[in-house]
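Enquirer: Got a structure for you, questions after.
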Amino acid sequence: MENLVITPAFWQDRRVLVTGHTGFKGGWLALWLQTMGARVIGLALPPATQPNLFEITGLAGRMVSILADIRDRDALTAALASHRPEVVFHLAAQALVLPSYSRPAETYASNVMGTVNLLDAIRHTGGVPSVVIVSSDKCYQPRAAACNESDPLGGADPYSSSKACTELVAAAYRASFFNSNDHAGHGTALATARAGNAIGGGDWSAGRLIPDAVRAFAGGRPLLVRHPEAIRPWQHVLEPLAGYLILGECLYRQGARFAEAWNFGPGGDISHSVADLLTKMARMWGAGATWRRDDTAHPHEAPCLRLAVTKAAQALQWHPRWPLATALQMTVDWYRAHLDGQDMVAVSRQQIARYCESLRDAARP
């Protein structure tokens with residue numbers, strides 16, 4: 001596993017199912033897989049925003065796109081039976097904290113029962129060697145120190161709690177139904193990937209920091225910020241996706257050795273507050289971009305989230321490659337290019353290529 005980089009060889013012509021492909025992270029993952037020659041199948045609800053990455057990058061015309069609800073077990077079973085994926089990345093979810101307060105039942109139905117439906121469909125269909133369930137850094141009980149994969153699960157809000165439940169569901173299915181060493185039969189190597197606070201171009205979700213900042217900066221308005229002192233493990237979206245790709249291949253090739261939980265973040269010793277991130281981003285954006293604290297009442301959110309990534313660094317040879325300044329610059333460049341009417345398929349592919357080059361640079365002796 002030394003000097004591991006992501007190359008197209010493993011993914012060329014590989015059948016890969018991505019749930020949530022119409023979302024922000026799922027869209028970037030589907031696009032990256034396509035650049036490596038994978039045969040991508042997506043299952044998700046229609047895009048939730050206008051504009052959205054899925055349509056801007058023309059993904060629908062270059063993959064099998066199934067518009068269905070992850071809560072629809074029949075649709076999942078049909079997709080698995082028809083397309084026989086060899087690797088599954090499960091990203092479909094209600095992915096925002098604030099809506100989980102107003103729609104808690106929907107959040108649990110999507111995040112918990114959606115995962116149950118997928119794993120049960122895989123159990124009955126069989127033949128899926130590698131499954132990565134994408135969870136969240138918020139699945140842990142809140143604490144100031146960096147969270148390791150063995151730390152207690154929890155969550156004070158419905159979204160965080162639902163992600164802790166997702167982890168428990170995956171662990172139960174792994175222990176009860178999946179034999180990671182038997183790829184010839186119904187064996188499935190199942191892992192969870194815990195990451196959060198991914199930034200990058202193509203996200204227009206309401207109530208998420210970067211999209212809100214882009215809307216405010218582009219509109220010449222000061223951004224109102226709920227918790228500027230909050231600390232989060234910010235990282236460019238391509239960083240955790242690289243981890244998911246490495247993990248998916250390792251599960252396929254070696255099964256049980258990697259069938260467990262994994263953190264993907266900037267590292268527990270790297271701390272950036274919301275205020276720090278926004279000050280840097282406003283400087284890069286220019287044009288008088290500014291922000292200020294929103295002093296109205298808001299629902300509780302964890303004041304500090306940090307992830308320890310030693311396990312992924314040692315066992316997967318995955319390491320964060322872009323510091324916050326680079327991640328922010330790539331994000332600002334993407335949105336600026338979109339506002340300027342540039343070819344966003346080309347821009348997005350160029351950013352993937354640049355990230356892959358950083359991986360190759362790090363792997364050279």
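Letters for chains follow the order of the structure tokens (A, B, ...), residue numbers begin at 1 for each chain, and ligand numbers begin at 1 in the order shown.
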Per DSSP on the backbone, what are the helix (DSSP H, G or I) residues of region 107-265 of chain A, as a PyMOL selection string?

Expert: chain A and resi 107-125+137-139+158-176+209-218+238-258

Enquirer: Limited to C-alpha atoms, could you put the picked residues into a file as a PDB file, in the first residue's frame?

Expert:
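Full text of part27.pdb as output:
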```pdb
ATOM      1  CA  THR A 107     -34.370  12.780   8.413  1.00  0.00           C
ATOM      2  CA  TYR A 108     -34.493   9.452  10.260  1.00  0.00           C
ATOM      3  CA  ALA A 109     -36.494   7.818   7.451  1.00  0.00           C
ATOM      4  CA  SER A 110     -33.928   8.860   4.832  1.00  0.00           C
ATOM      5  CA  ASN A 111     -30.733   8.390   6.779  1.00  0.00           C
ATOM      6  CA  VAL A 112     -31.557   5.321   8.843  1.00  0.00           C
ATOM      7  CA  MET A 113     -34.242   3.410   6.967  1.00  0.00           C
ATOM      8  CA  GLY A 114     -32.743   4.397   3.624  1.00  0.00           C
ATOM      9  CA  THR A 115     -29.521   2.675   4.703  1.00  0.00           C
ATOM     10  CA  VAL A 116     -31.483  -0.323   6.000  1.00  0.00           C
ATOM     11  CA  ASN A 117     -33.292  -0.595   2.653  1.00  0.00           C
ATOM     12  CA  LEU A 118     -30.034  -0.484   0.704  1.00  0.00           C
ATOM     13  CA  LEU A 119     -28.242  -3.056   2.850  1.00  0.00           C
ATOM     14  CA  ASP A 120     -31.248  -5.358   2.886  1.00  0.00           C
ATOM     15  CA  ALA A 121     -31.517  -5.123  -0.904  1.00  0.00           C
ATOM     16  CA  ILE A 122     -27.798  -5.975  -1.178  1.00  0.00           C
ATOM     17  CA  ARG A 123     -28.288  -8.866   1.245  1.00  0.00           C
ATOM     18  CA  HIS A 124     -31.053 -10.381  -0.866  1.00  0.00           C
ATOM     19  CA  THR A 125     -29.575  -9.580  -4.273  1.00  0.00           C
ATOM     20  CA  ASP A 137     -18.150  13.491  11.433  1.00  0.00           C
ATOM     21  CA  LYS A 138     -21.266  14.401  13.428  1.00  0.00           C
ATOM     22  CA  CYS A 139     -21.959  10.748  14.304  1.00  0.00           C
ATOM     23  CA  PRO A 158     -31.761  14.684  14.804  1.00  0.00           C
ATOM     24  CA  TYR A 159     -29.263  14.809  11.925  1.00  0.00           C
ATOM     25  CA  SER A 160     -26.257  13.839  14.072  1.00  0.00           C
ATOM     26  CA  SER A 161     -28.285  11.187  15.864  1.00  0.00           C
ATOM     27  CA  SER A 162     -29.445   9.746  12.543  1.00  0.00           C
ATOM     28  CA  LYS A 163     -25.828   9.382  11.423  1.00  0.00           C
ATOM     29  CA  ALA A 164     -24.926   7.585  14.646  1.00  0.00           C
ATOM     30  CA  CYS A 165     -27.881   5.270  13.973  1.00  0.00           C
ATOM     31  CA  THR A 166     -26.607   4.719  10.424  1.00  0.00           C
ATOM     32  CA  GLU A 167     -23.279   3.568  11.848  1.00  0.00           C
ATOM     33  CA  LEU A 168     -25.033   1.099  14.158  1.00  0.00           C
ATOM     34  CA  VAL A 169     -27.149  -0.244  11.292  1.00  0.00           C
ATOM     35  CA  ALA A 170     -24.059  -0.809   9.138  1.00  0.00           C
ATOM     36  CA  ALA A 171     -22.219  -2.545  11.985  1.00  0.00           C
ATOM     37  CA  ALA A 172     -25.180  -4.840  12.656  1.00  0.00           C
ATOM     38  CA  TYR A 173     -25.576  -5.832   9.006  1.00  0.00           C
ATOM     39  CA  ARG A 174     -21.839  -6.433   8.709  1.00  0.00           C
ATOM     40  CA  ALA A 175     -21.799  -8.697  11.759  1.00  0.00           C
ATOM     41  CA  SER A 176     -25.061 -10.487  11.014  1.00  0.00           C
ATOM     42  CA  LEU A 209     -21.946  28.007   4.914  1.00  0.00           C
ATOM     43  CA  ILE A 210     -20.187  28.146   1.537  1.00  0.00           C
ATOM     44  CA  PRO A 211     -23.329  28.346  -0.643  1.00  0.00           C
ATOM     45  CA  ASP A 212     -24.765  31.002   1.659  1.00  0.00           C
ATOM     46  CA  ALA A 213     -21.484  32.929   1.425  1.00  0.00           C
ATOM     47  CA  VAL A 214     -21.418  32.724  -2.369  1.00  0.00           C
ATOM     48  CA  ARG A 215     -24.998  33.992  -2.614  1.00  0.00           C
ATOM     49  CA  ALA A 216     -24.266  36.874  -0.249  1.00  0.00           C
ATOM     50  CA  PHE A 217     -20.909  37.833  -1.779  1.00  0.00           C
ATOM     51  CA  ALA A 218     -22.214  37.635  -5.344  1.00  0.00           C
ATOM     52  CA  LEU A 238     -12.160  15.865  -3.340  1.00  0.00           C
ATOM     53  CA  GLU A 239     -10.229  14.973  -0.157  1.00  0.00           C
ATOM     54  CA  PRO A 240     -12.809  12.624   1.408  1.00  0.00           C
ATOM     55  CA  LEU A 241     -13.852  11.363  -2.030  1.00  0.00           C
ATOM     56  CA  ALA A 242     -10.267  10.224  -2.575  1.00  0.00           C
ATOM     57  CA  GLY A 243     -10.552   8.330   0.693  1.00  0.00           C
ATOM     58  CA  TYR A 244     -13.820   6.718  -0.395  1.00  0.00           C
ATOM     59  CA  LEU A 245     -12.266   5.593  -3.683  1.00  0.00           C
ATOM     60  CA  ILE A 246      -9.223   4.103  -1.976  1.00  0.00           C
ATOM     61  CA  LEU A 247     -11.453   2.389   0.593  1.00  0.00           C
ATOM     62  CA  GLY A 248     -13.795   1.018  -2.071  1.00  0.00           C
ATOM     63  CA  GLU A 249     -10.900  -0.579  -3.932  1.00  0.00           C
ATOM     64  CA  CYS A 250      -9.369  -1.991  -0.748  1.00  0.00           C
ATOM     65  CA  LEU A 251     -12.694  -3.544   0.242  1.00  0.00           C
ATOM     66  CA  TYR A 252     -13.010  -5.132  -3.189  1.00  0.00           C
ATOM     67  CA  ARG A 253      -9.487  -6.557  -3.188  1.00  0.00           C
ATOM     68  CA  GLN A 254      -8.973  -7.506   0.462  1.00  0.00           C
ATOM     69  CA  GLY A 255     -12.395  -7.592   2.062  1.00  0.00           C
ATOM     70  CA  ALA A 256     -12.474  -8.124   5.818  1.00  0.00           C
ATOM     71  CA  ARG A 257      -9.225  -6.275   6.506  1.00  0.00           C
ATOM     72  CA  PHE A 258     -10.888  -2.937   5.699  1.00  0.00           C
TER      73      PHE A 258
END
```

Enquirer: For Ala230 (chain A), find every residue with an atom within 6 Å (counting only C-alpha atoms), except residues of its own chain fewer than 4 positions away, and show them as number ranges by chain.

Expert: A: 273-274, 303-304

Enquirer: How would the residues just picked look written out with all heavy atoms as a PDB file, in the first residue's frame?

Expert:
```pdb
ATOM      1  N   SER A 273     -11.918  27.992  12.625  1.00  0.00           N
ATOM      2  CA  SER A 273     -13.263  28.418  12.967  1.00  0.00           C
ATOM      3  C   SER A 273     -14.004  28.886  11.725  1.00  0.00           C
ATOM      4  O   SER A 273     -13.409  29.141  10.668  1.00  0.00           O
ATOM      5  CB  SER A 273     -13.212  29.536  13.998  1.00  0.00           C
ATOM      6  OG  SER A 273     -12.659  30.706  13.409  1.00  0.00           O
ATOM      7  N   VAL A 274     -15.307  29.027  11.876  1.00  0.00           N
ATOM      8  CA  VAL A 274     -16.122  29.596  10.809  1.00  0.00           C
ATOM      9  C   VAL A 274     -15.617  30.995  10.458  1.00  0.00           C
ATOM     10  O   VAL A 274     -15.500  31.359   9.280  1.00  0.00           O
ATOM     11  CB  VAL A 274     -17.600  29.636  11.236  1.00  0.00           C
ATOM     12  CG1 VAL A 274     -18.435  30.445  10.249  1.00  0.00           C
ATOM     13  CG2 VAL A 274     -18.153  28.225  11.370  1.00  0.00           C
ATOM     14  N   PRO A 303     -20.250  22.936  19.151  1.00  0.00           N
ATOM     15  CA  PRO A 303     -19.299  24.038  19.010  1.00  0.00           C
ATOM     16  C   PRO A 303     -17.975  23.643  18.374  1.00  0.00           C
ATOM     17  O   PRO A 303     -17.276  24.480  17.807  1.00  0.00           O
ATOM     18  CB  PRO A 303     -19.092  24.516  20.451  1.00  0.00           C
ATOM     19  CG  PRO A 303     -19.396  23.322  21.285  1.00  0.00           C
ATOM     20  CD  PRO A 303     -20.491  22.584  20.562  1.00  0.00           C
ATOM     21  N   CYS A 304     -17.616  22.363  18.469  1.00  0.00           N
ATOM     22  CA  CYS A 304     -16.304  21.938  17.982  1.00  0.00           C
ATOM     23  C   CYS A 304     -16.382  20.514  17.447  1.00  0.00           C
ATOM     24  O   CYS A 304     -16.904  19.616  18.123  1.00  0.00           O
ATOM     25  CB  CYS A 304     -15.271  22.019  19.107  1.00  0.00           C
ATOM     26  SG  CYS A 304     -13.605  21.522  18.628  1.00  0.00           S
TER      27      CYS A 304
END
```

Enquirer: Could you give me, as a VMD selection string, the residues within 8 Å of Tyr101 (chain A), counting only C-alpha atoms and dropping anything in the same chain fewer than 3 positions from it?

Expert: chain A and resid 97 to 98 104 157 to 159 299

Enquirer: Selection from above, N, CA and C atoms, as an mmCIF file, in the first residue's frame, can you write it?

Expert:
```
data_model
loop_
_atom_site.group_PDB
_atom_site.id
_atom_site.type_symbol
_atom_site.label_atom_id
_atom_site.label_comp_id
_atom_site.auth_asym_id
_atom_site.auth_seq_id
_atom_site.Cartn_x
_atom_site.Cartn_y
_atom_site.Cartn_z
ATOM 1 N N VAL A 97 -28.193 19.883 8.972
ATOM 2 C CA VAL A 97 -28.564 19.904 10.384
ATOM 3 C C VAL A 97 -29.861 20.663 10.608
ATOM 4 N N LEU A 98 -29.968 21.883 10.087
ATOM 5 C CA LEU A 98 -31.137 22.713 10.389
ATOM 6 C C LEU A 98 -32.455 22.079 9.932
ATOM 7 N N PRO A 104 -37.659 16.060 11.528
ATOM 8 C CA PRO A 104 -36.878 14.957 12.114
ATOM 9 C C PRO A 104 -37.285 13.582 11.602
ATOM 10 N N ASP A 157 -28.641 16.495 17.998
ATOM 11 C CA ASP A 157 -29.684 16.948 17.082
ATOM 12 C C ASP A 157 -30.107 15.764 16.216
ATOM 13 N N PRO A 158 -31.282 15.834 15.578
ATOM 14 C CA PRO A 158 -31.761 14.684 14.804
ATOM 15 C C PRO A 158 -30.810 14.252 13.694
ATOM 16 N N TYR A 159 -30.181 15.209 12.991
ATOM 17 C CA TYR A 159 -29.263 14.809 11.925
ATOM 18 C C TYR A 159 -28.099 13.999 12.485
ATOM 19 N N PRO A 299 -31.016 27.067 16.556
ATOM 20 C CA PRO A 299 -30.928 25.759 17.204
ATOM 21 C C PRO A 299 -29.485 25.414 17.568
#
```

Enquirer: Expressed in Å to a single decimal, how great is the separation between CA of Trp334 (chain A) and CA of Gly58 (chain A)?

Expert: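 Computing it gives 16.0 Å between the two atoms.
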
Enquirer: I'd like the neighbourhood of Ala38 (chain A) as a PyMOL selection string, where a residue qualifies if any of its atoms comes within 8 Å (using only C-alpha atoms), though same-chain residues fewer than 5 positions away should be ignored.

Expert: chain A and resi 11-16+33

Enquirer: Write the residues of the preceding selection, restricted to C-alpha atoms, as a short mmCIF file (atom, residue, chain, number, x, y, z; two decimals), in the first residue's frame.

Expert:
```cif
data_model
loop_
_atom_site.label_atom_id
_atom_site.label_comp_id
_atom_site.auth_asym_id
_atom_site.auth_seq_id
_atom_site.Cartn_x
_atom_site.Cartn_y
_atom_site.Cartn_z
CA TRP A 11 -12.12 1.66 -12.01
CA GLN A 12 -11.98 1.24 -15.81
CA ASP A 13 -15.25 -0.46 -16.88
CA ARG A 14 -16.09 -1.14 -13.22
CA ARG A 15 -19.82 -1.11 -12.48
CA VAL A 16 -20.32 1.39 -9.64
CA LEU A 33 -15.51 7.94 -11.54
#
```

Enquirer: Taking only C-alpha atoms into account, which of A:Ala60, A:Ala105, A:Ala145, A:Ala193 comes nearest His90 (chain A)?

Expert: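 The closest residue to His90 (chain A) is A:Ala193.
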
Enquirer: Considering only C-alpha atoms, return as a PyMOL selection string whatever protein or nucleic-acid residues lie within 8 Å of Val88 (chain A), sequence-local ones (same chain, fewer than 5 positions apart) excluded.

Expert: chain A and resi 16-19+128+130-132

Enquirer: Give the strand (DSSP E) residues of region 43-93 of chain A, as assigned by DSSP on the backbone, as a ChimeraX atom specification.

Expert: /A:43-44,64-67,87-90

Enquirer: Let's have the selection written as a compact mmCIF listing (two decimals), in the first residue's frame, with N, CA and C atoms.

Expert:
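Contents of again.txt, freshly written:
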```txt
# COMPACT_ATOMS: atom_id res chain seq x y z
N LEU A 43 -28.55 6.50 -8.21
CA LEU A 43 -29.94 6.43 -7.73
C LEU A 43 -30.11 7.54 -6.70
N ALA A 44 -31.07 8.43 -6.97
CA ALA A 44 -31.27 9.56 -6.07
C ALA A 44 -32.57 10.26 -6.43
N VAL A 64 -26.00 6.07 -16.10
CA VAL A 64 -27.36 5.59 -15.86
C VAL A 64 -27.87 6.32 -14.64
N SER A 65 -28.87 7.16 -14.81
CA SER A 65 -29.40 7.96 -13.72
C SER A 65 -30.82 7.52 -13.40
N ILE A 66 -30.98 6.95 -12.21
CA ILE A 66 -32.29 6.47 -11.76
C ILE A 66 -32.80 7.46 -10.71
N LEU A 67 -33.90 8.13 -11.02
CA LEU A 67 -34.47 9.09 -10.08
C LEU A 67 -35.49 8.35 -9.22
N VAL A 87 -19.21 -2.22 -6.94
CA VAL A 87 -18.91 -1.33 -5.82
C VAL A 87 -20.11 -0.41 -5.63
N VAL A 88 -20.49 -0.20 -4.37
CA VAL A 88 -21.58 0.72 -4.04
C VAL A 88 -21.06 1.79 -3.10
N PHE A 89 -21.31 3.06 -3.46
CA PHE A 89 -21.07 4.19 -2.57
C PHE A 89 -22.42 4.78 -2.19
N HIS A 90 -22.73 4.74 -0.92
CA HIS A 90 -24.04 5.21 -0.45
C HIS A 90 -23.91 6.60 0.15
```

Enquirer: Give me the residues near Arg336 (chain A) as a PyMOL selection string, where near means some atom within 10 Å (using only C-alpha atoms) and where sequence neighbours in that chain fewer than 4 positions away do not count.

Expert: chain A and resi 201+214+218+285+330-332+340-342

Enquirer: Can you measure CA of His272 (chain A) to CA of Ile231 (chain A) for me? One decimal in Å is fine.

Expert: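 Calculated distance between CA of His272 (chain A) and CA of Ile231 (chain A) is 5.6 Å.
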
Enquirer: From the set A:Asn197, A:Ser102, A:Thr188, A:Ser205, which residue has the shortest atom-to-atom contact distance to Arg232 (chain A), counting only C-alpha atoms?

Expert: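 Closest to Arg232 (chain A), using only C-alpha atoms: A:Asn197.
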